[in-house]
>>> print(open('work.txt').read())   # compact mmCIF, C-alpha atoms
# COMPACT_ATOMS: atom_id res chain seq x y z
CA MET A 1 24.88 -18.31 -17.68
CA ILE A 2 21.09 -18.65 -17.78
CA ALA A 3 19.78 -21.40 -20.04
CA THR A 4 17.46 -20.23 -22.83
CA LYS A 5 14.60 -22.41 -21.64
CA ASP A 6 14.87 -20.97 -18.11
CA TRP A 7 14.87 -17.41 -19.47
CA LEU A 8 11.79 -18.09 -21.61
CA LYS A 9 9.95 -19.71 -18.69
CA ALA A 10 10.75 -16.79 -16.42
CA SER A 11 9.53 -14.34 -19.06
CA TRP A 12 6.28 -16.30 -19.49
CA ASP A 13 5.69 -16.52 -15.75
CA ALA A 14 6.39 -12.81 -15.38
CA GLY A 15 3.79 -12.00 -18.02
CA LYS A 16 1.19 -14.22 -16.33
CA ASP A 17 1.86 -12.61 -12.94
CA MET A 18 0.86 -9.22 -14.34
CA LEU A 19 -2.73 -10.50 -14.60
CA THR A 20 -3.63 -10.42 -10.94
CA PRO A 21 -7.13 -10.09 -9.48
CA LEU A 22 -7.40 -6.74 -7.76
CA SER A 23 -11.00 -6.54 -6.70
CA GLY A 24 -14.45 -7.67 -7.61
CA ARG A 25 -17.78 -5.90 -7.72
CA SER A 26 -19.09 -4.12 -4.68
CA SER A 27 -22.24 -6.25 -4.48
CA GLY A 28 -22.54 -9.19 -2.13
CA GLU A 29 -23.01 -11.71 -4.94
CA ALA A 30 -20.45 -14.46 -5.33
CA HIS A 31 -18.27 -13.94 -8.37
CA ALA A 32 -14.78 -14.49 -9.69
CA PRO A 33 -12.54 -11.42 -9.45
CA THR A 34 -11.69 -9.81 -12.78
CA PRO A 35 -8.02 -9.95 -13.80
CA VAL A 36 -6.67 -6.42 -14.28
CA MET A 37 -3.32 -5.29 -15.61
CA VAL A 38 -2.08 -2.18 -13.81
CA PRO A 39 0.87 -0.43 -15.45
CA ILE A 40 3.17 0.87 -12.71
CA ARG A 41 5.97 3.13 -13.88
CA ALA A 42 9.22 4.02 -12.13
CA LEU A 43 9.56 7.81 -11.88
CA GLY A 44 12.77 9.82 -12.15
CA PRO A 45 13.83 13.36 -11.14
CA SER A 46 12.08 14.93 -14.15
CA TYR A 47 8.73 13.96 -12.59
CA ARG A 48 9.34 15.79 -9.31
CA GLU A 49 6.76 18.49 -10.11
CA ARG A 50 4.14 15.89 -11.08
CA ILE A 51 4.74 14.13 -7.79
CA THR A 52 4.32 17.46 -6.01
CA GLN A 53 1.03 18.17 -7.77
CA HIS A 54 -0.23 14.69 -6.94
CA LEU A 55 0.46 15.14 -3.23
CA LEU A 56 -0.99 18.65 -3.22
CA GLN A 57 -4.29 17.19 -4.45
CA LEU A 58 -4.60 15.07 -1.32
CA GLU A 59 -7.31 16.34 1.00
CA PRO A 60 -6.34 17.30 4.59
CA PRO A 61 -7.40 13.95 6.16
CA ASP A 62 -5.45 12.05 3.49
CA ARG A 63 -2.37 14.20 4.03
CA TYR A 64 -2.60 13.42 7.72
CA LEU A 65 -2.71 9.67 7.07
CA ARG A 66 0.05 9.76 4.45
CA PHE A 67 2.58 11.83 6.41
CA GLY A 68 1.41 11.29 9.97
CA TYR A 69 0.69 14.99 10.40
CA ALA A 70 -1.45 17.66 8.71
CA ALA A 71 1.10 18.53 6.02
CA THR A 72 0.82 22.01 4.52
CA ASP A 73 1.52 22.82 0.87
CA GLU A 74 4.92 24.17 1.88
CA GLN A 75 5.80 20.99 3.78
CA ILE A 76 4.75 18.83 0.84
CA ARG A 77 6.92 20.86 -1.54
CA ARG A 78 9.83 20.53 0.88
CA TYR A 79 9.27 16.77 0.99
CA THR A 80 9.35 16.39 -2.79
CA GLU A 81 12.37 18.68 -3.12
CA GLN A 82 14.29 16.35 -0.81
CA LEU A 83 13.41 13.13 -2.64
CA ASP A 84 16.59 11.23 -3.46
CA PHE A 85 15.99 9.51 -6.80
CA ASP A 86 19.48 8.02 -6.81
CA ARG A 87 18.92 6.14 -3.56
CA ASP A 88 15.16 5.60 -3.38
CA GLU A 89 12.55 4.41 -5.88
CA ILE A 90 9.31 6.18 -6.78
CA PHE A 91 6.49 4.34 -8.56
CA GLY A 92 3.41 5.85 -10.15
CA ILE A 93 0.11 4.98 -11.82
CA TYR A 94 -1.33 7.29 -14.49
CA ASN A 95 -4.83 7.64 -15.86
CA ARG A 96 -5.70 8.30 -19.52
CA ARG A 97 -5.08 12.03 -19.10
CA LEU A 98 -1.56 11.33 -17.78
CA GLU A 99 -2.57 12.45 -14.32
CA LEU A 100 -0.59 10.79 -11.54
CA ILE A 101 -3.42 9.24 -9.54
CA ALA A 102 -1.38 6.96 -7.27
CA MET A 103 2.25 6.82 -6.21
CA ALA A 104 4.53 4.98 -3.83
CA HIS A 105 7.85 5.89 -2.23
CA LEU A 106 10.24 3.06 -1.43
CA ALA A 107 12.92 4.63 0.80
CA PHE A 108 16.14 2.72 1.33
CA ALA A 109 18.10 3.08 4.56
CA GLU A 110 20.84 5.72 4.49
CA ASN A 111 22.87 3.87 7.11
CA ALA A 112 25.03 1.15 5.57
CA ASP A 113 24.37 -1.06 8.60
CA HIS A 114 20.69 -1.19 7.62
CA LYS A 115 21.05 -1.39 3.83
CA GLN A 116 18.87 -4.52 3.78
CA CYS A 117 15.87 -2.54 5.02
CA ALA A 118 13.46 -0.23 3.19
CA GLU A 119 10.35 1.76 4.11
CA PHE A 120 7.18 1.98 2.03
CA GLY A 121 4.73 4.87 1.74
CA VAL A 122 1.78 5.27 -0.63
CA SER A 123 -0.88 7.78 -1.64
CA VAL A 124 -3.93 7.38 -3.89
CA LEU A 125 -6.20 10.21 -4.98
CA LYS A 126 -9.75 9.95 -3.65
CA LYS A 127 -11.26 9.50 -7.12
CA ALA A 128 -8.99 6.51 -7.83
CA ARG A 129 -9.64 4.47 -4.69
CA GLY A 130 -11.34 1.12 -4.47
CA ARG A 131 -9.36 -0.32 -7.39
CA GLY A 132 -6.56 -1.98 -5.44
CA PHE A 133 -3.90 0.49 -6.57
CA GLY A 134 -2.33 0.71 -3.12
CA ALA A 135 -1.92 -3.06 -2.93
CA ARG A 136 -0.47 -3.25 -6.43
CA LEU A 137 2.03 -0.49 -5.66
CA PHE A 138 3.07 -2.37 -2.55
CA GLU A 139 3.59 -5.57 -4.55
CA ARG A 140 5.65 -3.64 -7.12
CA ALA A 141 7.76 -1.98 -4.44
CA VAL A 142 8.38 -5.28 -2.63
CA MET A 143 9.48 -6.88 -5.90
CA HIS A 144 11.98 -4.10 -6.51
CA ALA A 145 13.23 -4.20 -2.92
CA ARG A 146 13.70 -7.94 -3.19
CA ASN A 147 15.71 -7.59 -6.40
CA GLU A 148 17.87 -4.96 -4.71
CA GLY A 149 18.81 -7.38 -1.92
CA VAL A 150 16.46 -5.98 0.74
CA ASN A 151 15.07 -8.57 3.14
CA MET A 152 12.80 -6.40 5.29
CA VAL A 153 10.22 -3.81 4.22
CA PHE A 154 8.72 -1.54 6.87
CA ILE A 155 5.52 0.50 6.92
CA HIS A 156 5.12 3.16 9.57
CA ALA A 157 1.51 4.32 9.74
CA LEU A 158 -1.03 5.80 12.06
CA THR A 159 -3.14 3.10 13.68
CA GLU A 160 -6.25 4.73 12.21
CA ASN A 161 -4.85 4.22 8.71
CA THR A 162 -6.70 0.93 8.36
CA ALA A 163 -6.39 0.81 4.56
CA MET A 164 -2.60 0.86 4.69
CA LEU A 165 -2.40 -1.66 7.51
CA LYS A 166 -4.82 -3.96 5.67
CA ILE A 167 -2.50 -3.94 2.64
CA ALA A 168 0.40 -4.89 4.91
CA ARG A 169 -1.52 -7.70 6.65
CA ASN A 170 -2.80 -9.11 3.37
CA ALA A 171 0.79 -9.29 2.15
CA GLY A 172 1.75 -11.31 5.22
CA ALA A 173 3.37 -8.51 7.19
CA THR A 174 3.52 -8.49 10.99
CA VAL A 175 1.83 -5.42 12.49
CA GLN A 176 2.73 -4.06 15.91
CA ARG A 177 0.59 -1.37 17.46
CA ASP A 178 1.95 1.28 19.80
CA GLY A 179 -0.87 3.62 20.75
CA SER A 180 -1.76 5.96 17.89
CA GLU A 181 0.96 4.53 15.66
CA SER A 182 1.63 1.11 14.15
CA GLU A 183 4.66 -0.53 12.63
CA ALA A 184 4.35 -3.25 10.00
CA TYR A 185 7.28 -5.25 8.71
CA LEU A 186 7.44 -7.84 5.96
CA GLN A 187 10.26 -10.38 5.69
CA ILE A 188 10.99 -11.06 2.02
CA SER A 189 12.94 -13.80 0.26
CA PRO A 190 16.14 -13.36 -1.77
CA PRO A 191 15.73 -12.44 -5.46
CA SER A 192 15.32 -15.07 -8.16
CA LEU A 193 15.31 -15.22 -11.93
CA ASP A 194 11.51 -15.04 -11.86
CA THR A 195 11.43 -11.85 -9.76
CA ARG A 196 14.08 -10.16 -11.91
CA MET A 197 12.26 -11.03 -15.12
CA ALA A 198 8.91 -9.98 -13.64
CA GLU A 199 10.29 -6.52 -12.83
CA ILE A 200 11.73 -6.11 -16.32
CA VAL A 201 8.47 -7.15 -17.97
CA GLU A 202 6.34 -4.91 -15.73
CA GLN A 203 8.55 -1.89 -16.34
CA GLN A 204 8.51 -2.42 -20.12
CA TYR A 205 4.73 -2.80 -20.08
CA ALA A 206 4.39 0.40 -18.03
CA GLU A 207 6.64 2.33 -20.44
CA LEU A 208 4.61 1.13 -23.44
CA ASP A 209 1.35 2.05 -21.70
CA TYR A 210 2.68 5.53 -20.90
CA ARG A 211 3.80 6.16 -24.49
CA LEU A 212 0.40 5.11 -25.84
CA LYS A 213 -1.42 7.34 -23.35
CA ARG A 214 0.85 10.26 -24.23
CA GLN A 215 0.23 9.81 -27.96
CA ALA A 216 -3.51 9.57 -27.37
CA LYS A 217 -3.49 12.71 -25.24
CA GLN A 218 -1.52 14.62 -27.89
CA PHE A 219 -4.02 13.52 -30.53
CA TRP A 220 -7.05 14.59 -28.51
CA ASP A 221 -5.38 17.88 -27.57
CA PHE A 222 -4.78 18.48 -31.30
CA LEU A 223 -8.42 17.79 -32.11
CA ALA A 224 -9.52 20.11 -29.32
CA GLY A 225 -7.32 22.84 -30.79
CA VAL A 226 -8.76 22.31 -34.27
CA GLN A 227 -12.29 22.46 -32.86
CA GLU A 228 -11.47 25.71 -31.06
CA VAL A 229 -10.17 27.24 -34.30
CA ARG A 230 -13.31 26.14 -36.17
CA GLN A 231 -15.54 27.70 -33.55
CA GLY A 232 -13.55 30.93 -33.78
CA VAL A 233 -13.90 31.02 -37.58
CA ARG A 234 -17.64 30.38 -37.37
CA LYS A 235 -18.05 33.11 -34.79
CA ALA A 236 -16.11 35.56 -36.96
CA ARG A 237 -18.22 34.71 -40.00
CA HIS A 238 -21.40 35.17 -38.02
CA GLN A 239 -20.29 38.58 -36.75
CA SER A 240 -19.23 39.77 -40.23
CA ALA A 241 -22.59 38.72 -41.69
CA GLU A 242 -24.50 40.85 -39.22
>>> encode(input="work.txt", output="structure tokens")
Amino acid sequence: MIATKDWLKASWDAGKDMLTPLSGRSSGEAHAPTPVMVPIRALGPSYRERITQHLLQLEPPDRYLRFGYAATDEQIRRYTEQLDFDRDEIFGIYNRRLELIAMAHLAFAENADHKQCAEFGVSVLKKARGRGFGARLFERAVMHARNEGVNMVFIHALTENTAMLKIARNAGATVQRDGSESEAYLQISPPSLDTRMAEIVEQQYAELDYRLKRQAKQFWDFLAGVQEVRQGVRKARHQSAE
């Protein structure tokens, strides 16, 4: 049984870990990176269509880097239809309009002999880049993999996908290049109380963030509807007065 003081310490440490420096300004001036909290939410089967729409927004070069080939709309839809939410884990980042702007797929091995291995893939919309979302999604996926007993996370990417390989190297992964393709693998430690508590806290924070964004969107949609009605009434009055 976990002692109360250990549980409280783990909860506190998990909360502090959510404030991680993602990136600084683009200028060359020396500065301290700004701590940013990024809510990352686990996605279930009911979000399959949102995942599809996110991937369909990727431009042709980005589709090529994400899938390793120039994926068509039909191939993307086939990919999302085959996602196994019972076995794998999908993580997403939303903006204020509840648009899925970044997502990661942590695929666990189907073969029982390789159950301690998982593969990571990520995509970020062009308008949301430069904010460290890819790195944060990788950290979140590694944390989950670790808590699930995985000890090796793989990234298979085209060698020209420098952004993805940079994320892997920065995390301490070993990268092996084989012509146009590269393989990165990261050895991870066994789970601990801190990692389990960190995942719980991050997921709860992401759920709260999502509910607040959904309520805000509903409110603004309501106001937009009211404004549309007002404009219609004014237009009708103006026409009747003519």
>>> closest_residue(input="work.txt", among="A:Ala157, A:Ala216, A:Leu106, A:Ala135", to="Phe67 in chain A", atoms="all atoms listed in the file")
A:Ala157
>>> atom_distance(input="work.txt", atom1="CA of Arg136 in chain A", atom2="CA of Ile40 in chain A")
8.3 Å
>>> atom_distance(input="work.txt", atom1="CA of Pro45 in chain A", atom2="CA of Gln82 in chain A")
10.8 Å
>>> closest_residue(input="work.txt", among="A:Gly68, A:Leu55, A:Ile188, A:Gly130", to="Ala104 in chain A", atoms="all atoms listed in the file")
A:Leu55
>>> closest_residue(input="work.txt", among="A:Ile76, A:Tyr94, A:Val175, A:Glu207", to="Val124 in chain A", atoms="only C-alpha atoms")
A:Tyr94
>>> closest_residue(input="work.txt", among="A:Glu89, A:Val201, A:Gly179, A:Ser192", to="Asn147 in chain A", atoms="all atoms listed in the file")
A:Ser192
>>> closest_residue(input="work.txt", among="A:Met143, A:Leu83, A:Ala184, A:Val38", to="Thr162 in chain A", atoms="only C-alpha atoms")
A:Ala184
>>> residues_around(input="work.txt", residues="range 165-172 of chain A", least_positions_apart="3", cutoff="10 Å", atoms="all atoms listed in the file", output="PyMOL selection string")
chain A and resi 132+134-136+138-139+142+153-162+175+182-188
>>> closest_residue(input="work.txt", among="A:Met103, A:Ala118, A:Ala145, A:Ala112", to="Phe91 in chain A", atoms="only C-alpha atoms")
A:Met103
>>> atom_distance(input="work.txt", atom1="CA of Arg41 in chain A", atom2="CA of Leu100 in chain A")
10.4 Å
>>> residues_around(input="work.txt", residues="Ser189 in chain A", least_positions_apart="5", cutoff="10 Å", atoms="all atoms listed in the file", output="PyMOL selection string")
chain A and resi 143+146-147+149-152
>>> residues_around(input="work.txt", residues="Gln75 in chain A", least_positions_apart="4", cutoff="12 Å", atoms="all atoms listed in the file", output="PyMOL selection string")
chain A and resi 52+55-56+63-64+67+69-71+79-82
>>> write_last_selection(input="work.txt", atoms="C-alpha atoms", output="compact mmCIF listing (two decimals), in the coordinates of the input")
# COMPACT_ATOMS: atom_id res chain seq x y z
CA THR A 52 4.32 17.46 -6.01
CA LEU A 55 0.46 15.14 -3.23
CA LEU A 56 -0.99 18.65 -3.22
CA ARG A 63 -2.37 14.20 4.03
CA TYR A 64 -2.60 13.42 7.72
CA PHE A 67 2.58 11.83 6.41
CA TYR A 69 0.69 14.99 10.40
CA ALA A 70 -1.45 17.66 8.71
CA ALA A 71 1.10 18.53 6.02
CA TYR A 79 9.27 16.77 0.99
CA THR A 80 9.35 16.39 -2.79
CA GLU A 81 12.37 18.68 -3.12
CA GLN A 82 14.29 16.35 -0.81
>>> residues_near_point(input="work.txt", point="(-9.1, 7.8, -5.9)", cutoff="12 Å", atoms="only C-alpha atoms", output="list of chain:residue names")
A:His54, A:Gln57, A:Leu58, A:Glu59, A:Asp62, A:Ile93, A:Tyr94, A:Asn95, A:Glu99, A:Leu100, A:Ile101, A:Ala102, A:Met103, A:Ser123, A:Val124, A:Leu125, A:Lys126, A:Lys127, A:Ala128, A:Arg129, A:Gly130, A:Arg131, A:Gly132, A:Phe133, A:Gly134
>>> decode(input="work.txt", residues="range 150-169 of chain A", atoms="N, CA and C atoms", output="mmCIF file, in the first residue's frame")
data_model
loop_
_atom_site.group_PDB
_atom_site.id
_atom_site.type_symbol
_atom_site.label_atom_id
_atom_site.label_comp_id
_atom_site.auth_asym_id
_atom_site.auth_seq_id
_atom_site.Cartn_x
_atom_site.Cartn_y
_atom_site.Cartn_z
ATOM 1 N N VAL A 150 6.155 -1.125 -21.432
ATOM 2 C CA VAL A 150 6.993 -1.108 -22.633
ATOM 3 C C VAL A 150 8.391 -0.618 -22.260
ATOM 4 N N ASN A 151 9.409 -1.233 -22.828
ATOM 5 C CA ASN A 151 10.780 -0.778 -22.540
ATOM 6 C C ASN A 151 11.518 -0.272 -23.770
ATOM 7 N N MET A 152 10.845 -0.280 -24.932
ATOM 8 C CA MET A 152 11.493 0.214 -26.142
ATOM 9 C C MET A 152 10.444 0.877 -27.044
ATOM 10 N N VAL A 153 10.686 2.144 -27.374
ATOM 11 C CA VAL A 153 9.805 2.866 -28.289
ATOM 12 C C VAL A 153 10.565 3.133 -29.579
ATOM 13 N N PHE A 154 9.946 2.791 -30.707
ATOM 14 C CA PHE A 154 10.568 2.943 -32.020
ATOM 15 C C PHE A 154 9.913 4.082 -32.798
ATOM 16 N N ILE A 155 10.708 4.709 -33.639
ATOM 17 C CA ILE A 155 10.204 5.691 -34.601
ATOM 18 C C ILE A 155 10.793 5.335 -35.952
ATOM 19 N N HIS A 156 9.925 5.037 -36.891
ATOM 20 C CA HIS A 156 10.382 4.764 -38.255
ATOM 21 C C HIS A 156 10.037 5.983 -39.100
ATOM 22 N N ALA A 157 11.042 6.635 -39.657
ATOM 23 C CA ALA A 157 10.806 7.870 -40.394
ATOM 24 C C ALA A 157 11.729 7.962 -41.595
ATOM 25 N N LEU A 158 11.299 8.756 -42.554
ATOM 26 C CA LEU A 158 12.177 9.064 -43.675
ATOM 27 C C LEU A 158 13.349 9.887 -43.165
ATOM 28 N N THR A 159 14.514 9.670 -43.725
ATOM 29 C CA THR A 159 15.703 10.383 -43.281
ATOM 30 C C THR A 159 15.544 11.893 -43.443
ATOM 31 N N GLU A 160 14.754 12.306 -44.425
ATOM 32 C CA GLU A 160 14.536 13.742 -44.647
ATOM 33 C C GLU A 160 13.580 14.362 -43.633
ATOM 34 N N ASN A 161 12.954 13.526 -42.808
ATOM 35 C CA ASN A 161 12.054 14.037 -41.781
ATOM 36 C C ASN A 161 12.884 14.474 -40.569
ATOM 37 N N THR A 162 13.605 15.559 -40.745
ATOM 38 C CA THR A 162 14.546 16.020 -39.726
ATOM 39 C C THR A 162 13.856 16.434 -38.427
ATOM 40 N N ALA A 163 12.635 16.964 -38.530
ATOM 41 C CA ALA A 163 11.922 17.401 -37.325
ATOM 42 C C ALA A 163 11.628 16.216 -36.414
ATOM 43 N N MET A 164 11.175 15.125 -37.010
ATOM 44 C CA MET A 164 10.848 13.941 -36.213
ATOM 45 C C MET A 164 12.101 13.327 -35.616
ATOM 46 N N LEU A 165 13.154 13.238 -36.393
ATOM 47 C CA LEU A 165 14.397 12.656 -35.906
ATOM 48 C C LEU A 165 15.044 13.535 -34.831
ATOM 49 N N LYS A 166 14.845 14.844 -34.922
ATOM 50 C CA LYS A 166 15.370 15.745 -33.900
ATOM 51 C C LYS A 166 14.667 15.513 -32.568
ATOM 52 N N ILE A 167 13.345 15.288 -32.624
ATOM 53 C CA ILE A 167 12.592 14.987 -31.407
ATOM 54 C C ILE A 167 13.137 13.723 -30.756
ATOM 55 N N ALA A 168 13.404 12.712 -31.585
ATOM 56 C CA ALA A 168 13.920 11.443 -31.073
ATOM 57 C C ALA A 168 15.295 11.626 -30.439
ATOM 58 N N ARG A 169 16.190 12.335 -31.136
ATOM 59 C CA ARG A 169 17.545 12.540 -30.609
ATOM 60 C C ARG A 169 17.518 13.339 -29.311
#
